[in-house]
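data_14.txt (compact mmCIF, C-alpha atoms) appears below.
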```
# COMPACT_ATOMS: atom_id res chain seq x y z
CA MET A 1 124.20 168.25 -23.65
CA LYS A 2 121.35 168.26 -21.15
CA LYS A 3 121.91 171.43 -19.11
CA ALA A 4 123.53 174.81 -19.77
CA ILE A 5 123.08 178.45 -18.80
CA LEU A 6 124.66 181.88 -19.26
CA ALA A 7 125.92 183.80 -16.24
CA THR A 8 128.00 186.78 -15.18
CA LYS A 9 130.84 186.56 -12.71
CA VAL A 10 130.12 188.34 -9.43
CA GLY A 11 133.36 187.49 -7.63
CA MET A 12 134.92 185.03 -5.21
CA THR A 13 134.22 184.33 -1.57
CA GLN A 14 134.34 181.42 0.84
CA ILE A 15 131.74 179.36 2.66
CA PHE A 16 131.84 176.62 5.27
CA ASN A 17 130.50 173.10 4.81
CA GLU A 18 128.47 171.26 7.41
CA ASP A 19 131.65 169.59 8.67
CA GLY A 20 133.25 173.01 9.17
CA SER A 21 135.69 172.85 6.25
CA LEU A 22 136.27 176.04 4.28
CA VAL A 23 135.47 176.01 0.56
CA PRO A 24 136.57 178.79 -1.86
CA VAL A 25 133.76 179.50 -4.31
CA THR A 26 133.02 181.72 -7.31
CA VAL A 27 129.62 183.43 -7.25
CA LEU A 28 127.83 183.51 -10.60
CA GLN A 29 124.68 185.45 -11.48
CA ALA A 30 123.09 182.75 -13.62
CA GLY A 31 120.15 183.70 -15.80
CA PRO A 32 117.35 183.99 -16.23
CA CYS A 33 117.95 183.20 -19.90
CA VAL A 34 115.04 183.59 -22.32
CA VAL A 35 114.54 181.24 -25.27
CA THR A 36 114.36 183.34 -28.44
CA GLN A 37 114.44 180.68 -31.15
CA ILE A 38 114.22 176.91 -31.63
CA LYS A 39 116.51 175.51 -34.33
CA THR A 40 115.16 172.35 -35.97
CA THR A 41 116.72 169.78 -38.27
CA GLU A 42 114.09 170.41 -40.93
CA ASN A 43 114.64 174.17 -41.15
CA ASP A 44 118.23 174.67 -40.01
CA GLY A 45 119.92 171.31 -40.44
CA TYR A 46 120.54 170.83 -36.73
CA SER A 47 118.68 170.94 -33.44
CA ALA A 48 119.45 173.67 -30.91
CA VAL A 49 117.98 176.26 -28.57
CA GLN A 50 118.90 179.93 -28.92
CA VAL A 51 118.85 181.85 -25.64
CA ALA A 52 119.29 185.52 -24.73
CA PHE A 53 120.74 186.92 -21.52
CA ALA A 54 121.24 190.32 -19.83
CA ASP A 55 119.03 193.31 -20.64
CA LYS A 56 120.20 195.88 -23.16
CA LYS A 57 118.94 199.34 -24.06
CA GLU A 58 116.74 199.27 -27.14
CA LYS A 59 118.58 202.20 -28.76
CA LEU A 60 121.82 200.18 -28.71
CA VAL A 61 120.35 197.17 -30.53
CA LYS A 62 120.97 196.86 -34.27
CA LYS A 63 117.93 196.65 -36.54
CA PRO A 64 118.32 192.96 -37.55
CA GLN A 65 118.65 191.90 -33.90
CA LYS A 66 115.80 194.19 -32.93
CA GLY A 67 113.55 192.51 -35.47
CA ALA A 68 114.51 189.07 -34.19
CA PHE A 69 113.70 190.05 -30.62
CA GLU A 70 110.37 191.56 -31.66
CA LYS A 71 109.50 188.39 -33.58
CA ALA A 72 110.19 186.31 -30.47
CA GLY A 73 108.33 188.78 -28.26
CA VAL A 74 111.36 189.25 -26.02
CA ASP A 75 112.94 192.44 -24.70
CA PRO A 76 116.36 193.27 -26.22
CA LYS A 77 119.22 191.35 -24.66
CA LYS A 78 122.99 191.74 -24.67
CA TYR A 79 124.08 188.16 -25.31
CA LEU A 80 122.80 185.50 -27.72
CA ARG A 81 124.03 181.92 -27.58
CA GLU A 82 122.95 178.51 -28.84
CA PHE A 83 122.86 175.29 -26.84
CA ARG A 84 122.47 171.93 -28.53
CA PHE A 85 120.27 170.31 -25.93
CA GLU A 86 119.35 166.65 -26.34
CA LYS A 87 115.65 167.52 -26.09
CA ALA A 88 115.62 170.92 -27.79
CA ASP A 89 112.09 170.35 -29.09
CA SER A 90 110.77 170.32 -25.53
CA TYR A 91 111.48 174.07 -25.22
CA ASN A 92 109.24 176.87 -26.46
CA VAL A 93 109.97 180.48 -27.37
CA LYS A 94 109.88 182.81 -24.33
CA ASP A 95 110.64 179.94 -21.93
CA GLU A 96 113.07 180.86 -19.17
CA ILE A 97 116.14 178.90 -18.09
CA LYS A 98 116.97 179.73 -14.50
CA ALA A 99 119.68 178.85 -12.01
CA ASP A 100 117.67 175.92 -10.67
CA ILE A 101 118.52 173.97 -13.83
CA PHE A 102 121.61 172.95 -11.84
CA ALA A 103 121.61 171.40 -8.38
CA GLU A 104 124.10 171.06 -5.57
CA GLY A 105 126.71 168.44 -6.40
CA ASP A 106 126.47 168.81 -10.20
CA HIS A 107 129.69 168.96 -12.21
CA VAL A 108 129.98 171.76 -14.77
CA ASP A 109 132.41 173.19 -17.32
CA ALA A 110 132.91 176.96 -17.13
CA THR A 111 133.93 178.83 -20.30
CA ALA A 112 134.91 182.50 -20.32
CA VAL A 113 137.46 184.96 -21.72
CA SER A 114 140.47 185.21 -19.41
CA LYS A 115 141.77 188.44 -17.92
CA GLY A 116 144.01 190.60 -20.10
CA HIS A 117 147.60 191.25 -18.98
CA GLY A 118 148.78 193.41 -21.89
CA PHE A 119 152.13 192.94 -23.65
CA GLN A 120 154.41 190.80 -21.50
CA GLY A 121 157.92 189.40 -21.76
CA SER A 122 158.72 185.73 -22.17
CA ILE A 123 159.65 185.31 -18.49
CA LYS A 124 156.16 186.14 -17.26
CA LYS A 125 154.26 184.93 -20.31
CA CYS A 126 156.04 181.61 -20.94
CA GLY A 127 157.91 180.95 -17.70
CA ASN A 128 161.39 181.33 -19.23
CA HIS A 129 164.42 181.50 -16.95
CA ARG A 130 166.11 184.85 -16.46
CA GLY A 131 169.78 185.56 -17.05
CA PRO A 132 172.47 186.30 -14.43
CA MET A 133 171.68 189.30 -12.26
CA LYS A 134 175.29 190.51 -11.95
CA HIS A 135 175.96 194.00 -13.25
CA GLY A 136 178.40 192.89 -15.90
CA SER A 137 176.13 190.38 -17.62
CA LYS A 138 173.86 193.01 -19.17
CA TYR A 139 171.43 190.14 -19.77
CA HIS A 140 168.64 189.85 -17.23
CA ARG A 141 165.14 189.45 -18.65
CA HIS A 142 165.69 189.12 -22.39
CA ALA A 143 164.15 186.34 -24.43
CA GLY A 144 167.54 184.83 -25.27
CA SER A 145 168.50 182.87 -28.37
CA ASN A 146 165.66 182.09 -30.76
CA GLY A 147 167.44 179.63 -33.07
CA THR A 148 170.76 178.78 -34.71
CA SER A 149 171.94 180.71 -37.74
CA SER A 150 173.22 177.87 -39.96
CA ASP A 151 170.89 174.98 -39.23
CA PRO A 152 167.88 175.13 -39.24
CA SER A 153 168.19 178.90 -39.92
CA ARG A 154 164.72 179.51 -38.57
CA VAL A 155 162.71 179.65 -35.35
CA TYR A 156 160.85 176.50 -34.43
CA PRO A 157 157.05 176.84 -34.10
CA GLY A 158 155.89 177.11 -30.50
CA LYS A 159 158.90 179.07 -29.31
CA GLY A 160 158.00 181.13 -26.25
CA MET A 161 158.17 184.78 -27.28
CA PRO A 162 157.06 188.11 -25.83
CA GLY A 163 153.56 189.17 -26.81
CA ARG A 164 150.01 189.76 -25.74
CA MET A 165 149.00 187.77 -22.67
CA GLY A 166 145.47 186.80 -21.70
CA VAL A 167 142.13 187.60 -23.38
CA ASP A 168 141.83 183.99 -24.53
CA GLN A 169 138.80 181.71 -24.31
CA VAL A 170 139.45 179.33 -21.44
CA THR A 171 137.40 176.37 -20.23
CA VAL A 172 137.81 174.97 -16.73
CA GLN A 173 136.38 171.47 -16.59
CA ASN A 174 134.65 169.47 -13.90
CA LEU A 175 133.90 172.19 -11.35
CA VAL A 176 131.51 171.25 -8.55
CA VAL A 177 128.35 173.23 -7.85
CA VAL A 178 128.45 173.92 -4.11
CA LYS A 179 125.19 175.83 -3.70
CA VAL A 180 122.28 177.13 -5.78
CA ASP A 181 120.10 180.08 -4.79
CA PRO A 182 117.04 179.98 -7.10
CA GLU A 183 115.44 183.12 -5.60
CA ASN A 184 118.43 185.32 -6.45
CA ASN A 185 119.56 183.27 -9.49
CA LEU A 186 122.96 182.59 -7.96
CA ILE A 187 125.21 179.57 -8.50
CA LEU A 188 128.24 178.99 -6.25
CA VAL A 189 130.97 176.95 -7.94
CA LYS A 190 133.96 175.52 -6.10
CA GLY A 191 137.24 177.05 -7.21
CA ALA A 192 138.14 179.75 -9.71
CA VAL A 193 136.40 180.62 -12.96
CA PRO A 194 138.18 182.44 -15.83
CA GLY A 195 137.57 186.11 -16.55
CA PRO A 196 137.23 189.36 -14.62
CA LYS A 197 134.18 190.43 -12.64
CA LYS A 198 130.99 191.11 -14.65
CA SER A 199 132.30 188.98 -17.54
CA LEU A 200 130.13 186.46 -19.37
CA VAL A 201 130.48 182.83 -18.25
CA THR A 202 128.93 179.82 -19.97
CA LEU A 203 128.11 176.92 -17.67
CA LYS A 204 127.53 173.53 -19.27
CA GLU A 205 127.09 170.03 -17.95
CA THR A 206 130.58 168.58 -17.75
CA THR A 207 131.85 166.19 -20.41
CA LYS A 208 134.58 164.56 -18.30
CA THR A 209 133.45 163.43 -14.87
CA ASP A 210 136.56 161.40 -14.12
CA LEU A 211 138.90 164.41 -13.77
CA LYS A 212 140.52 164.81 -10.37
```

Transcribe the structure of this file into structure tokens.
Amino acid sequence: MKKAILATKVGMTQIFNEDGSLVPVTVLQAGPCVVTQIKTTENDGYSAVQVAFADKKEKLVKKPQKGAFEKAGVDPKKYLREFRFEKADSYNVKDEIKADIFAEGDHVDATAVSKGHGFQGSIKKCGNHRGPMKHGSKYHRHAGSNGTSSDPSRVYPGKGMPGRMGVDQVTVQNLVVVKVDPENNLILVKGAVPGPKKSLVTLKETTKTDLK
């Protein structure tokens, strides 16, 4: 991995290209992320860069985290993540990673926790077909048969059932960076990004550039 940054989702909007075509974009408040620790192969067994993002009140920080921030000389932050950069040793503690690490035309993978939809039935959650809507059927939006009684006398794994929907870690691959605003630390990505507004989004250099 060469490039990565933490961001918060601002929302969606649309912009126009030079040729006049409309492009739906997601606006991300990317960084600045502060380097709090450098992981080395000698000390930690692997090479990585630990970064912190989003200010947090000092009274809400736990003592172990507070000590780590004080050791790095960084103000308390809300999020801590590690990136295994190829040249992790080129970074120093207190360095900042800003939105300009990406440029227009770059391809990125966006990882976030999807929106929660609560407890849902199998029709909405799994796309199951409903039953007849006549009054006499008395079977409209039930899950239906789960398995036979004699053989195999069990429910096969993977059966679509009612349950909690959403709040899962989702990664959308190969999104295109449409515009970067270094002054305001904004990154505009084409298309939708998982999660509600103000949620944490991790942007990384894409691993699959041949996706359509």

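Between Asp168 (chain A) and the residues A:Glu205, A:Gly31, A:Val113, A:His129, the shortest atom-to-atom distance, using only C-alpha atoms, involves A:Val113.
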
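Shortest separation to Pro196 (chain A) among A:Gly11, A:Gln65, A:Pro32, A:Lys2 occurs at residue A:Gly11, atoms counted being all atoms listed in the file.
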
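By all atoms listed in the file, and with residues fewer than 3 positions from Ser199 (chain A) along its chain excluded, the set lying at most 10 Å from it is Ala7, Thr8, Lys9, Val10, Leu28, Ala112, Val113, Ser114, Lys115, Pro194, Gly195 and Pro196 of chain A.
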
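Nearest-residue note for Gly166 (chain A): choosing from A:Cys126, A:Leu6, A:Val35, A:Ala99, the minimum distance belongs to A:Cys126, counting all atoms listed in the file.
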
Would you mind listing what lies within 8 Å of Arg164 (chain A) as number ranges by chain, with all atoms listed in the file counted and same-chain residues fewer than 6 positions away left out? A: 117-120

At a cut-off of 9 Å around the point (117.6, 195.5, -24.7) (file coordinates), what residues fall inside when counting only C-alpha atoms? I'd like the answer as a list in words.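 Output of the proximity query reads Ala54, Asp55, Lys56, Lys57, Glu58, Lys59, Leu60, Val61, Lys66, Phe69, Val74, Asp75, Pro76, Lys77 and Lys78 of chain A.
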
Can those selected residues be exported to a file as an mmCIF file, in the frame of the given file so that it contains C-alpha atoms?
```
data_model
loop_
_atom_site.group_PDB
_atom_site.id
_atom_site.type_symbol
_atom_site.label_atom_id
_atom_site.label_comp_id
_atom_site.auth_asym_id
_atom_site.auth_seq_id
_atom_site.Cartn_x
_atom_site.Cartn_y
_atom_site.Cartn_z
ATOM 1 C CA ALA A 54 121.240 190.320 -19.830
ATOM 2 C CA ASP A 55 119.030 193.310 -20.640
ATOM 3 C CA LYS A 56 120.200 195.880 -23.160
ATOM 4 C CA LYS A 57 118.940 199.340 -24.060
ATOM 5 C CA GLU A 58 116.740 199.270 -27.140
ATOM 6 C CA LYS A 59 118.580 202.200 -28.760
ATOM 7 C CA LEU A 60 121.820 200.180 -28.710
ATOM 8 C CA VAL A 61 120.350 197.170 -30.530
ATOM 9 C CA LYS A 66 115.800 194.190 -32.930
ATOM 10 C CA PHE A 69 113.700 190.050 -30.620
ATOM 11 C CA VAL A 74 111.360 189.250 -26.020
ATOM 12 C CA ASP A 75 112.940 192.440 -24.700
ATOM 13 C CA PRO A 76 116.360 193.270 -26.220
ATOM 14 C CA LYS A 77 119.220 191.350 -24.660
ATOM 15 C CA LYS A 78 122.990 191.740 -24.670
#
```

With all atoms listed in the file as the counted atoms, please give the residues lying no more than 12 Å from region 45-53 of chain A, apart from itself and same-chain residues fewer than 2 positions off, as a PyMOL selection string. chain A and resi 1-8+29-43+55-56+65+68-69+72-98+200-202

Give me, as a PyMOL selection string, all polymer residues having an atom no more than 12 Å from Ile15 (chain A), counting only C-alpha atoms and skipping those fewer than 5 positions away in the same chain. chain A and resi 20-27+178-179+188-191

Take CA of Met161 (chain A) and CA of Ser122 (chain A) and report the distance between them in Å, one decimal.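 Straight-line distance from CA of Met161 (chain A) to CA of Ser122 (chain A) works out to 5.2 Å.
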
Suppose you want the space between CA of Thr206 (chain A) and CA of Gly105 (chain A); what is it in Å?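 So the two atoms, CA of Thr206 (chain A) and CA of Gly105 (chain A), lie 12.0 Å apart.
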
Repaired coordinates for region 140-160 of chain A (N, CA, C and O atoms) as a short mmCIF file (atom, residue, chain, number, x, y, z; two decimals), keeping the file's coordinate frame:
```
data_model
loop_
_atom_site.label_atom_id
_atom_site.label_comp_id
_atom_site.auth_asym_id
_atom_site.auth_seq_id
_atom_site.Cartn_x
_atom_site.Cartn_y
_atom_site.Cartn_z
N HIS A 140 169.43 190.20 -18.41
CA HIS A 140 168.64 189.85 -17.23
C HIS A 140 167.31 189.22 -17.58
O HIS A 140 167.03 188.09 -17.19
N ARG A 141 166.49 189.95 -18.35
CA ARG A 141 165.14 189.45 -18.65
C ARG A 141 164.84 189.40 -20.14
O ARG A 141 163.71 189.50 -20.57
N HIS A 142 165.87 189.22 -20.95
CA HIS A 142 165.69 189.12 -22.39
C HIS A 142 165.19 187.73 -22.76
O HIS A 142 165.31 186.77 -21.99
N ALA A 143 164.69 187.63 -23.98
CA ALA A 143 164.15 186.34 -24.43
C ALA A 143 165.25 185.32 -24.70
O ALA A 143 165.01 184.12 -24.67
N GLY A 144 166.46 185.76 -25.01
CA GLY A 144 167.54 184.83 -25.27
C GLY A 144 167.60 184.43 -26.73
O GLY A 144 166.98 185.03 -27.61
N SER A 145 168.33 183.34 -27.00
CA SER A 145 168.50 182.87 -28.37
C SER A 145 167.20 182.28 -28.89
O SER A 145 166.51 181.54 -28.20
N ASN A 146 166.88 182.61 -30.14
CA ASN A 146 165.66 182.09 -30.76
C ASN A 146 165.92 180.88 -31.66
O ASN A 146 165.03 180.08 -31.89
N GLY A 147 167.11 180.74 -32.18
CA GLY A 147 167.44 179.63 -33.07
C GLY A 147 168.83 179.80 -33.63
O GLY A 147 169.40 180.89 -33.63
N THR A 148 169.42 178.71 -34.13
CA THR A 148 170.76 178.78 -34.71
C THR A 148 170.73 179.43 -36.08
O THR A 148 169.72 179.41 -36.77
N SER A 149 171.89 179.97 -36.48
CA SER A 149 171.94 180.71 -37.74
C SER A 149 172.12 179.80 -38.95
O SER A 149 171.54 180.03 -40.01
N SER A 150 172.93 178.72 -38.81
CA SER A 150 173.22 177.87 -39.96
C SER A 150 172.18 176.78 -40.16
O SER A 150 171.69 176.57 -41.27
N ASP A 151 171.84 176.08 -39.11
CA ASP A 151 170.89 174.98 -39.23
C ASP A 151 170.02 174.96 -37.97
O ASP A 151 170.58 174.86 -36.86
N PRO A 152 168.71 175.15 -38.03
CA PRO A 152 167.88 175.13 -39.24
C PRO A 152 167.64 176.51 -39.87
O PRO A 152 166.83 176.62 -40.77
N SER A 153 168.32 177.53 -39.37
CA SER A 153 168.19 178.90 -39.92
C SER A 153 166.75 179.42 -39.83
O SER A 153 166.28 180.13 -40.72
N ARG A 154 166.09 179.04 -38.79
CA ARG A 154 164.72 179.51 -38.57
C ARG A 154 164.35 179.29 -37.11
O ARG A 154 165.11 178.65 -36.36
N VAL A 155 163.22 179.82 -36.71
CA VAL A 155 162.71 179.65 -35.35
C VAL A 155 161.66 178.55 -35.36
O VAL A 155 160.74 178.57 -36.19
N TYR A 156 161.80 177.61 -34.49
CA TYR A 156 160.85 176.50 -34.43
C TYR A 156 159.47 177.01 -33.98
O TYR A 156 159.37 177.88 -33.10
N PRO A 157 158.40 176.47 -34.56
CA PRO A 157 157.05 176.84 -34.10
C PRO A 157 156.85 176.47 -32.63
O PRO A 157 157.33 175.44 -32.17
N GLY A 158 156.14 177.35 -31.92
CA GLY A 158 155.89 177.11 -30.50
C GLY A 158 156.91 177.73 -29.57
O GLY A 158 156.82 177.56 -28.35
N LYS A 159 157.90 178.41 -30.13
CA LYS A 159 158.90 179.07 -29.31
C LYS A 159 158.25 180.14 -28.44
O LYS A 159 157.48 180.97 -28.93
N GLY A 160 158.56 180.13 -27.16
CA GLY A 160 158.00 181.13 -26.25
C GLY A 160 158.57 182.50 -26.52
O GLY A 160 159.79 182.71 -26.39
#
```
